[in-house]
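Here's model07.pdb, which has PDB, C-alpha atoms:
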```pdb
ATOM      1  CA  MET A   1      36.640 -49.652 -19.939  1.00  0.00           C
ATOM      2  CA  ILE A   2      36.330 -46.546 -22.101  1.00  0.00           C
ATOM      3  CA  GLY A   3      33.038 -45.426 -20.455  1.00  0.00           C
ATOM      4  CA  ARG A   4      34.450 -45.314 -16.919  1.00  0.00           C
ATOM      5  CA  PRO A   5      37.218 -42.648 -17.583  1.00  0.00           C
ATOM      6  CA  PHE A   6      34.763 -40.611 -19.660  1.00  0.00           C
ATOM      7  CA  GLY A   7      32.272 -40.554 -16.750  1.00  0.00           C
ATOM      8  CA  ARG A   8      35.031 -39.516 -14.348  1.00  0.00           C
ATOM      9  CA  ILE A   9      36.126 -36.649 -16.644  1.00  0.00           C
ATOM     10  CA  LEU A  10      32.532 -35.537 -17.024  1.00  0.00           C
ATOM     11  CA  SER A  11      32.073 -35.552 -13.229  1.00  0.00           C
ATOM     12  CA  ILE A  12      35.236 -33.492 -12.735  1.00  0.00           C
ATOM     13  CA  LEU A  13      34.145 -30.967 -15.370  1.00  0.00           C
ATOM     14  CA  LEU A  14      30.730 -30.566 -13.734  1.00  0.00           C
ATOM     15  CA  LEU A  15      32.383 -30.120 -10.344  1.00  0.00           C
ATOM     16  CA  LEU A  16      34.715 -27.430 -11.758  1.00  0.00           C
ATOM     17  CA  LEU A  17      31.813 -25.591 -13.403  1.00  0.00           C
ATOM     18  CA  THR A  18      29.890 -25.593 -10.105  1.00  0.00           C
ATOM     19  CA  VAL A  19      32.892 -24.220  -8.182  1.00  0.00           C
ATOM     20  CA  VAL A  20      33.511 -21.477 -10.779  1.00  0.00           C
ATOM     21  CA  ALA A  21      29.827 -20.480 -10.827  1.00  0.00           C
ATOM     22  CA  CYS A  22      29.719 -20.144  -7.024  1.00  0.00           C
ATOM     23  CA  ALA A  23      32.977 -18.249  -6.740  1.00  0.00           C
ATOM     24  CA  GLY A  24      31.542 -14.866  -7.842  1.00  0.00           C
ATOM     25  CA  PRO A  25      33.575 -12.028  -9.347  1.00  0.00           C
ATOM     26  CA  PRO A  26      37.313 -11.730  -8.749  1.00  0.00           C
ATOM     27  CA  ALA A  27      38.355  -9.749  -5.675  1.00  0.00           C
ATOM     28  CA  ASN A  28      39.585  -6.749  -7.696  1.00  0.00           C
ATOM     29  CA  THR A  29      36.366  -6.372  -9.743  1.00  0.00           C
ATOM     30  CA  PRO A  30      34.460  -3.293  -8.508  1.00  0.00           C
ATOM     31  CA  LEU A  31      30.830  -3.853  -7.609  1.00  0.00           C
ATOM     32  CA  PRO A  32      28.221  -1.726  -9.406  1.00  0.00           C
ATOM     33  CA  PRO A  33      27.005   1.283  -7.403  1.00  0.00           C
ATOM     34  CA  PRO A  34      23.656   0.930  -5.640  1.00  0.00           C
ATOM     35  CA  ALA A  35      20.671   2.327  -7.489  1.00  0.00           C
ATOM     36  CA  ALA A  36      19.945   5.953  -6.660  1.00  0.00           C
ATOM     37  CA  PRO A  37      16.533   6.757  -5.196  1.00  0.00           C
ATOM     38  CA  ALA A  38      14.043   8.272  -7.600  1.00  0.00           C
ATOM     39  CA  ALA A  39      14.450  12.027  -7.739  1.00  0.00           C
ATOM     40  CA  VAL A  40      11.538  14.222  -6.736  1.00  0.00           C
ATOM     41  CA  ASN A  41      11.021  17.407  -8.693  1.00  0.00           C
ATOM     42  CA  PRO A  42       9.256  19.985  -6.501  1.00  0.00           C
ATOM     43  CA  ALA A  43       8.818  22.322  -9.493  1.00  0.00           C
ATOM     44  CA  THR A  44       6.734  19.689 -11.271  1.00  0.00           C
ATOM     45  CA  ALA A  45       4.579  19.228  -8.191  1.00  0.00           C
ATOM     46  CA  ALA A  46       4.014  22.989  -7.929  1.00  0.00           C
ATOM     47  CA  SER A  47       2.995  23.272 -11.594  1.00  0.00           C
ATOM     48  CA  SER A  48       0.206  20.749 -10.959  1.00  0.00           C
ATOM     49  CA  TYR A  49      -0.938  22.704  -7.882  1.00  0.00           C
ATOM     50  CA  ARG A  50      -4.674  23.227  -7.631  1.00  0.00           C
ATOM     51  CA  LEU A  51      -6.020  26.496  -6.280  1.00  0.00           C
ATOM     52  CA  GLY A  52      -7.956  26.612  -3.048  1.00  0.00           C
ATOM     53  CA  SER A  53      -9.316  28.798  -0.297  1.00  0.00           C
ATOM     54  CA  GLY A  54      -6.760  31.297   1.046  1.00  0.00           C
ATOM     55  CA  ASP A  55      -4.642  31.562  -2.103  1.00  0.00           C
ATOM     56  CA  ARG A  56      -3.906  35.006  -3.521  1.00  0.00           C
ATOM     57  CA  ILE A  57      -3.482  35.319  -7.286  1.00  0.00           C
ATOM     58  CA  ARG A  58      -2.344  37.999  -9.701  1.00  0.00           C
ATOM     59  CA  LEU A  59      -4.510  38.095 -12.791  1.00  0.00           C
ATOM     60  CA  THR A  60      -3.273  39.929 -15.894  1.00  0.00           C
ATOM     61  CA  VAL A  61      -5.493  40.525 -18.920  1.00  0.00           C
ATOM     62  CA  PHE A  62      -3.060  41.964 -21.470  1.00  0.00           C
ATOM     63  CA  ARG A  63      -3.947  45.445 -22.766  1.00  0.00           C
ATOM     64  CA  HIS A  64      -6.785  45.662 -20.203  1.00  0.00           C
ATOM     65  CA  ASP A  65      -5.484  47.058 -16.925  1.00  0.00           C
ATOM     66  CA  ASP A  66      -9.059  47.623 -15.726  1.00  0.00           C
ATOM     67  CA  LEU A  67      -9.610  43.827 -15.669  1.00  0.00           C
ATOM     68  CA  SER A  68      -6.234  42.970 -14.141  1.00  0.00           C
ATOM     69  CA  GLY A  69      -5.350  42.873 -10.456  1.00  0.00           C
ATOM     70  CA  GLU A  70      -4.686  40.760  -7.384  1.00  0.00           C
ATOM     71  CA  PHE A  71      -7.489  38.647  -5.970  1.00  0.00           C
ATOM     72  CA  SER A  72      -7.887  36.477  -2.862  1.00  0.00           C
ATOM     73  CA  LEU A  73      -9.864  33.263  -3.081  1.00  0.00           C
ATOM     74  CA  ASP A  74     -12.639  33.147  -0.492  1.00  0.00           C
ATOM     75  CA  GLY A  75     -13.643  30.197   1.692  1.00  0.00           C
ATOM     76  CA  ALA A  76     -15.281  28.454  -1.279  1.00  0.00           C
ATOM     77  CA  GLY A  77     -12.317  29.094  -3.598  1.00  0.00           C
ATOM     78  CA  ASN A  78     -14.041  31.873  -5.592  1.00  0.00           C
ATOM     79  CA  PHE A  79     -13.140  35.477  -6.416  1.00  0.00           C
ATOM     80  CA  ALA A  80     -14.992  38.398  -7.988  1.00  0.00           C
ATOM     81  CA  MET A  81     -13.602  39.849 -11.217  1.00  0.00           C
ATOM     82  CA  PRO A  82     -14.691  43.074 -12.929  1.00  0.00           C
ATOM     83  CA  LEU A  83     -17.010  42.504 -15.896  1.00  0.00           C
ATOM     84  CA  LEU A  84     -17.327  38.742 -15.290  1.00  0.00           C
ATOM     85  CA  GLY A  85     -18.488  38.702 -11.673  1.00  0.00           C
ATOM     86  CA  GLU A  86     -17.807  35.688  -9.453  1.00  0.00           C
ATOM     87  CA  ILE A  87     -15.339  33.119 -10.819  1.00  0.00           C
ATOM     88  CA  GLN A  88     -14.984  29.655  -9.317  1.00  0.00           C
ATOM     89  CA  ALA A  89     -11.262  28.824  -9.139  1.00  0.00           C
ATOM     90  CA  TYR A  90     -11.307  26.050  -6.534  1.00  0.00           C
ATOM     91  CA  GLY A  91      -9.597  22.885  -7.784  1.00  0.00           C
ATOM     92  CA  LEU A  92      -8.200  24.452 -10.973  1.00  0.00           C
ATOM     93  CA  THR A  93      -4.533  24.779 -11.918  1.00  0.00           C
ATOM     94  CA  THR A  94      -3.375  28.243 -12.973  1.00  0.00           C
ATOM     95  CA  ARG A  95      -3.380  27.090 -16.639  1.00  0.00           C
ATOM     96  CA  GLU A  96      -6.947  25.800 -16.341  1.00  0.00           C
ATOM     97  CA  LEU A  97      -8.063  29.078 -14.754  1.00  0.00           C
ATOM     98  CA  GLU A  98      -6.380  31.046 -17.562  1.00  0.00           C
ATOM     99  CA  GLN A  99      -8.302  29.011 -20.153  1.00  0.00           C
ATOM    100  CA  LYS A 100     -11.564  29.434 -18.256  1.00  0.00           C
ATOM    101  CA  LEU A 101     -11.113  33.211 -18.178  1.00  0.00           C
ATOM    102  CA  VAL A 102     -10.175  33.341 -21.872  1.00  0.00           C
ATOM    103  CA  ASP A 103     -13.358  31.424 -22.748  1.00  0.00           C
ATOM    104  CA  ARG A 104     -15.523  33.698 -20.578  1.00  0.00           C
ATOM    105  CA  LEU A 105     -13.943  36.894 -21.983  1.00  0.00           C
ATOM    106  CA  LYS A 106     -14.360  35.691 -25.602  1.00  0.00           C
ATOM    107  CA  ASP A 107     -18.074  35.264 -24.977  1.00  0.00           C
ATOM    108  CA  GLY A 108     -19.138  38.789 -25.916  1.00  0.00           C
ATOM    109  CA  TYR A 109     -16.465  40.885 -24.175  1.00  0.00           C
ATOM    110  CA  LEU A 110     -13.055  40.724 -25.896  1.00  0.00           C
ATOM    111  CA  VAL A 111     -11.984  39.577 -29.373  1.00  0.00           C
ATOM    112  CA  ASP A 112      -8.673  37.853 -28.582  1.00  0.00           C
ATOM    113  CA  PRO A 113      -8.129  37.879 -24.807  1.00  0.00           C
ATOM    114  CA  GLN A 114      -4.733  36.919 -23.419  1.00  0.00           C
ATOM    115  CA  VAL A 115      -4.746  36.059 -19.738  1.00  0.00           C
ATOM    116  CA  SER A 116      -2.004  35.200 -17.271  1.00  0.00           C
ATOM    117  CA  VAL A 117      -2.563  33.858 -13.744  1.00  0.00           C
ATOM    118  CA  GLU A 118       0.195  33.746 -11.129  1.00  0.00           C
ATOM    119  CA  VAL A 119      -0.057  32.608  -7.515  1.00  0.00           C
ATOM    120  CA  MET A 120       1.219  35.398  -5.263  1.00  0.00           C
ATOM    121  CA  ASN A 121       0.681  33.838  -1.823  1.00  0.00           C
ATOM    122  CA  TYR A 122      -0.085  30.185  -1.267  1.00  0.00           C
ATOM    123  CA  ARG A 123      -2.272  28.927   1.553  1.00  0.00           C
ATOM    124  CA  PRO A 124      -0.223  27.563   4.475  1.00  0.00           C
ATOM    125  CA  PHE A 125       0.816  23.971   5.070  1.00  0.00           C
ATOM    126  CA  TYR A 126       0.709  22.225   8.448  1.00  0.00           C
ATOM    127  CA  ILE A 127       3.309  20.174  10.283  1.00  0.00           C
ATOM    128  CA  LEU A 128       2.363  18.123  13.323  1.00  0.00           C
ATOM    129  CA  GLY A 129       3.886  15.546  15.630  1.00  0.00           C
ATOM    130  CA  GLU A 130       7.481  15.245  16.759  1.00  0.00           C
ATOM    131  CA  VAL A 131       8.878  18.664  15.775  1.00  0.00           C
ATOM    132  CA  ARG A 132       9.867  21.491  18.108  1.00  0.00           C
ATOM    133  CA  SER A 133       7.199  23.958  16.919  1.00  0.00           C
ATOM    134  CA  PRO A 134       4.230  22.239  15.255  1.00  0.00           C
ATOM    135  CA  GLY A 135       1.681  24.437  13.509  1.00  0.00           C
ATOM    136  CA  SER A 136       0.894  26.181  10.223  1.00  0.00           C
ATOM    137  CA  TYR A 137       3.613  27.780   8.112  1.00  0.00           C
ATOM    138  CA  GLN A 138       3.696  29.893   4.987  1.00  0.00           C
ATOM    139  CA  TYR A 139       4.340  27.763   1.907  1.00  0.00           C
ATOM    140  CA  VAL A 140       7.320  28.566  -0.315  1.00  0.00           C
ATOM    141  CA  ASN A 141       7.444  27.233  -3.873  1.00  0.00           C
ATOM    142  CA  GLY A 142       9.611  24.110  -4.181  1.00  0.00           C
ATOM    143  CA  MET A 143       9.410  22.985  -0.538  1.00  0.00           C
ATOM    144  CA  THR A 144      10.096  19.438   0.602  1.00  0.00           C
ATOM    145  CA  VAL A 145       9.140  17.621   3.795  1.00  0.00           C
ATOM    146  CA  LEU A 146      12.600  18.236   5.302  1.00  0.00           C
ATOM    147  CA  ASN A 147      12.268  21.977   4.560  1.00  0.00           C
ATOM    148  CA  ALA A 148       9.025  21.906   6.529  1.00  0.00           C
ATOM    149  CA  VAL A 149      10.723  20.146   9.447  1.00  0.00           C
ATOM    150  CA  ALA A 150      13.455  22.816   9.435  1.00  0.00           C
ATOM    151  CA  LEU A 151      10.845  25.612   9.511  1.00  0.00           C
ATOM    152  CA  ALA A 152       9.190  23.910  12.486  1.00  0.00           C
ATOM    153  CA  GLY A 153      12.433  24.055  14.489  1.00  0.00           C
ATOM    154  CA  GLY A 154      13.745  20.598  13.641  1.00  0.00           C
ATOM    155  CA  PHE A 155      13.020  17.153  15.044  1.00  0.00           C
ATOM    156  CA  SER A 156      12.207  16.496  18.677  1.00  0.00           C
ATOM    157  CA  TYR A 157      14.368  13.902  20.430  1.00  0.00           C
ATOM    158  CA  ARG A 158      11.606  11.270  19.984  1.00  0.00           C
ATOM    159  CA  ALA A 159      11.124  11.851  16.240  1.00  0.00           C
ATOM    160  CA  LYS A 160      11.236   9.114  13.652  1.00  0.00           C
ATOM    161  CA  GLN A 161      13.422  10.673  10.971  1.00  0.00           C
ATOM    162  CA  SER A 162      13.207   8.057   8.217  1.00  0.00           C
ATOM    163  CA  ASP A 163       9.682   8.479   6.844  1.00  0.00           C
ATOM    164  CA  PHE A 164       6.711  10.779   7.345  1.00  0.00           C
ATOM    165  CA  LEU A 165       2.929  10.827   6.924  1.00  0.00           C
ATOM    166  CA  LEU A 166       1.515  13.197   4.298  1.00  0.00           C
ATOM    167  CA  GLN A 167      -2.134  14.158   3.847  1.00  0.00           C
ATOM    168  CA  ARG A 168      -3.045  16.033   0.682  1.00  0.00           C
ATOM    169  CA  GLY A 169      -6.540  17.369   0.242  1.00  0.00           C
ATOM    170  CA  GLY A 170      -7.497  18.126   3.822  1.00  0.00           C
ATOM    171  CA  SER A 171      -7.516  16.490   7.221  1.00  0.00           C
ATOM    172  CA  ASN A 172     -10.092  13.894   6.143  1.00  0.00           C
ATOM    173  CA  SER A 173      -7.927  12.572   3.300  1.00  0.00           C
ATOM    174  CA  ALA A 174      -5.928   9.360   3.600  1.00  0.00           C
ATOM    175  CA  SER A 175      -2.294   9.697   4.658  1.00  0.00           C
ATOM    176  CA  THR A 176       0.557   8.237   2.635  1.00  0.00           C
ATOM    177  CA  THR A 177       4.085   7.455   3.783  1.00  0.00           C
ATOM    178  CA  VAL A 178       6.742   9.628   2.122  1.00  0.00           C
ATOM    179  CA  GLN A 179      10.466  10.284   2.423  1.00  0.00           C
ATOM    180  CA  GLY A 180      12.127  13.563   3.386  1.00  0.00           C
ATOM    181  CA  ASP A 181      12.669  14.667  -0.224  1.00  0.00           C
ATOM    182  CA  ALA A 182       8.944  14.445  -1.089  1.00  0.00           C
ATOM    183  CA  ALA A 183       7.601  17.676  -2.581  1.00  0.00           C
ATOM    184  CA  LEU A 184       5.022  19.608  -0.555  1.00  0.00           C
ATOM    185  CA  LEU A 185       2.059  21.586  -1.819  1.00  0.00           C
ATOM    186  CA  PRO A 186       0.091  24.295  -0.033  1.00  0.00           C
ATOM    187  CA  GLY A 187      -2.519  22.896   2.322  1.00  0.00           C
ATOM    188  CA  ASP A 188      -0.585  19.656   2.893  1.00  0.00           C
ATOM    189  CA  ILE A 189      -0.471  18.169   6.387  1.00  0.00           C
ATOM    190  CA  VAL A 190       2.825  16.529   7.403  1.00  0.00           C
ATOM    191  CA  THR A 191       3.006  14.373  10.531  1.00  0.00           C
ATOM    192  CA  VAL A 192       6.370  13.452  12.038  1.00  0.00           C
ATOM    193  CA  GLN A 193       5.841  10.214  13.920  1.00  0.00           C
ATOM    194  CA  GLU A 194       7.358   9.094  17.194  1.00  0.00           C
ATOM    195  CA  ARG A 195      10.056   6.467  16.874  1.00  0.00           C
ATOM    196  CA  PHE A 196       9.932   3.240  18.808  1.00  0.00           C
ATOM    197  CA  PHE A 197      13.005   2.565  20.938  1.00  0.00           C
TER     198      PHE A 197
END
```
Write out the structure in this file as structure tokens.
Amino acid sequence: MIGRPFGRILSILLLLLTVVACAGPPANTPLPPPAAPAAVNPATAASSYRLGSGDRIRLTVFRHDDLSGEFSLDGAGNFAMPLLGEIQAYGLTTRELEQKLVDRLKDGYLVDPQVSVEVMNYRPFYILGEVRSPGSYQYVNGMTVLNAVALAGGFSYRAKQSDFLLQRGGSNSASTTVQGDAALLPGDIVTVQERFF
């Protein structure tokens, strides 16, 4: 006799717990905000930029104006510097090029060389596909994919505006899918795809 009421009470308690668990939060409880998309920092992308053909740099060797000046990188990514001759800059960041020049100048030329390298003009980037004016455009530090679309006259009426194809490292490199806030680098190729109706 005692076991039967106890079993009924236990069944009722389990039923109540199940109902409470499925009910969710009260109606007046605010839901947490959706997670924000990861921020892209174009400045960070530009600081990791690697020099290439078509870039123009300003080179300053402190206290040595005769070694300083502006230089354009040739088709192989090289430039000729007084005293040192031809310097290969292709694929180096500005910091790596500074260190390379310091090492070369220490080797029998200057006692404590201090060198600064600044990119004056970047090589262009390219935007193709469903924009009003596809082609090459002058890169500006801190650009994003949507900035590039704006420079190219905006989207065409057939454009897919949610994601884009980005090739970094030349036309033979693999393309990755990026969002509109993705940071661009000089030489990048952006393709705006056609949407499917």
Atomic separation - atom CA of Arg158 of chain A relative to atom CA of Thr177 of chain A, Å: 18.3 Å
Using all atoms listed in the file, determine which residues lie at most 8 Å from Pro124 of chain A, disregarding the query and same-chain residues fewer than 5 positions distant; provide the list as a list in words.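 Close residues of Pro124 of chain A: Ser136, Tyr137, Gln138, Tyr139, Pro186 and Gly187 of chain A.
The residue set within 10 Å of Thr144 of chain A, counting all atoms listed in the file and dropping same-chain residues fewer than 3 places from it, reads A:Val40, A:Asn41, A:Pro42, A:Val140, A:Asn141, A:Asn147, A:Ala148, A:Val149, A:Gln179, A:Gly180, A:Asp181, A:Ala182, A:Ala183, A:Leu184, A:Leu185.
Relative to atom CA of Gln114 of chain A, atom CA of Arg63 of chain A is found at 8.6 Å.
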For a cutoff of 10 Å around the file-coordinate point (9.8, 7.4, 7.6), which residues qualify once you count only C-alpha atoms? I'd like the result as a list of chain:residue names.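 The distance filter leaves exactly A:Ala159, A:Lys160, A:Gln161, A:Ser162, A:Asp163, A:Phe164, A:Leu165, A:Thr177, A:Val178, A:Gln179, A:Gly180, A:Val192, A:Gln193, A:Arg195.
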Evaluate the PyMOL selection byres ((chain A and resi 68-71) around 12) and report residues as a ChimeraX atom specification: /A:53-67,72-74,77-84,86-87,89,101,113-121
Go ahead and write the residues just picked, C-alpha atoms, as an mmCIF file, in the coordinates of the input.
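part-v4.cif, written as the output of this step:
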```
data_model
loop_
_atom_site.group_PDB
_atom_site.id
_atom_site.type_symbol
_atom_site.label_atom_id
_atom_site.label_comp_id
_atom_site.auth_asym_id
_atom_site.auth_seq_id
_atom_site.Cartn_x
_atom_site.Cartn_y
_atom_site.Cartn_z
ATOM 1 C CA SER A 53 -9.316 28.798 -0.297
ATOM 2 C CA GLY A 54 -6.760 31.297 1.046
ATOM 3 C CA ASP A 55 -4.642 31.562 -2.103
ATOM 4 C CA ARG A 56 -3.906 35.006 -3.521
ATOM 5 C CA ILE A 57 -3.482 35.319 -7.286
ATOM 6 C CA ARG A 58 -2.344 37.999 -9.701
ATOM 7 C CA LEU A 59 -4.510 38.095 -12.791
ATOM 8 C CA THR A 60 -3.273 39.929 -15.894
ATOM 9 C CA VAL A 61 -5.493 40.525 -18.920
ATOM 10 C CA PHE A 62 -3.060 41.964 -21.470
ATOM 11 C CA ARG A 63 -3.947 45.445 -22.766
ATOM 12 C CA HIS A 64 -6.785 45.662 -20.203
ATOM 13 C CA ASP A 65 -5.484 47.058 -16.925
ATOM 14 C CA ASP A 66 -9.059 47.623 -15.726
ATOM 15 C CA LEU A 67 -9.610 43.827 -15.669
ATOM 16 C CA SER A 72 -7.887 36.477 -2.862
ATOM 17 C CA LEU A 73 -9.864 33.263 -3.081
ATOM 18 C CA ASP A 74 -12.639 33.147 -0.492
ATOM 19 C CA GLY A 77 -12.317 29.094 -3.598
ATOM 20 C CA ASN A 78 -14.041 31.873 -5.592
ATOM 21 C CA PHE A 79 -13.140 35.477 -6.416
ATOM 22 C CA ALA A 80 -14.992 38.398 -7.988
ATOM 23 C CA MET A 81 -13.602 39.849 -11.217
ATOM 24 C CA PRO A 82 -14.691 43.074 -12.929
ATOM 25 C CA LEU A 83 -17.010 42.504 -15.896
ATOM 26 C CA LEU A 84 -17.327 38.742 -15.290
ATOM 27 C CA GLU A 86 -17.807 35.688 -9.453
ATOM 28 C CA ILE A 87 -15.339 33.119 -10.819
ATOM 29 C CA ALA A 89 -11.262 28.824 -9.139
ATOM 30 C CA LEU A 101 -11.113 33.211 -18.178
ATOM 31 C CA PRO A 113 -8.129 37.879 -24.807
ATOM 32 C CA GLN A 114 -4.733 36.919 -23.419
ATOM 33 C CA VAL A 115 -4.746 36.059 -19.738
ATOM 34 C CA SER A 116 -2.004 35.200 -17.271
ATOM 35 C CA VAL A 117 -2.563 33.858 -13.744
ATOM 36 C CA GLU A 118 0.195 33.746 -11.129
ATOM 37 C CA VAL A 119 -0.057 32.608 -7.515
ATOM 38 C CA MET A 120 1.219 35.398 -5.263
ATOM 39 C CA ASN A 121 0.681 33.838 -1.823
#
```
Between atom CA of Arg132 of chain A and atom CA of Ala152 of chain A - distance in Å to one decimal: 6.2 Å
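Counting all atoms listed in the file and comparing A:Leu97, A:Leu128, A:Gly169, A:Thr176, the residue that lies closest to Gly153 of chain A is A:Leu128.
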Which residue, A:Leu105, A:Val111, A:Val145, A:Val190, has the smallest gap to Ala174 of chain A when you use all atoms listed in the file? A:Val190
Starting from the shown file, work through the PyMOL selection byres ((chain A and resi 91) around 7) and note down what comes out as JSON, numbers by chain. {"A": [50, 51, 52, 89, 90, 92, 93]}
Just C-alpha atoms for this one: save the residues we selected as a short mmCIF file (atom, residue, chain, number, x, y, z; two decimals), keeping the file's coordinate frame.
```
data_model
loop_
_atom_site.label_atom_id
_atom_site.label_comp_id
_atom_site.auth_asym_id
_atom_site.auth_seq_id
_atom_site.Cartn_x
_atom_site.Cartn_y
_atom_site.Cartn_z
CA ARG A 50 -4.67 23.23 -7.63
CA LEU A 51 -6.02 26.50 -6.28
CA GLY A 52 -7.96 26.61 -3.05
CA ALA A 89 -11.26 28.82 -9.14
CA TYR A 90 -11.31 26.05 -6.53
CA LEU A 92 -8.20 24.45 -10.97
CA THR A 93 -4.53 24.78 -11.92
#
```
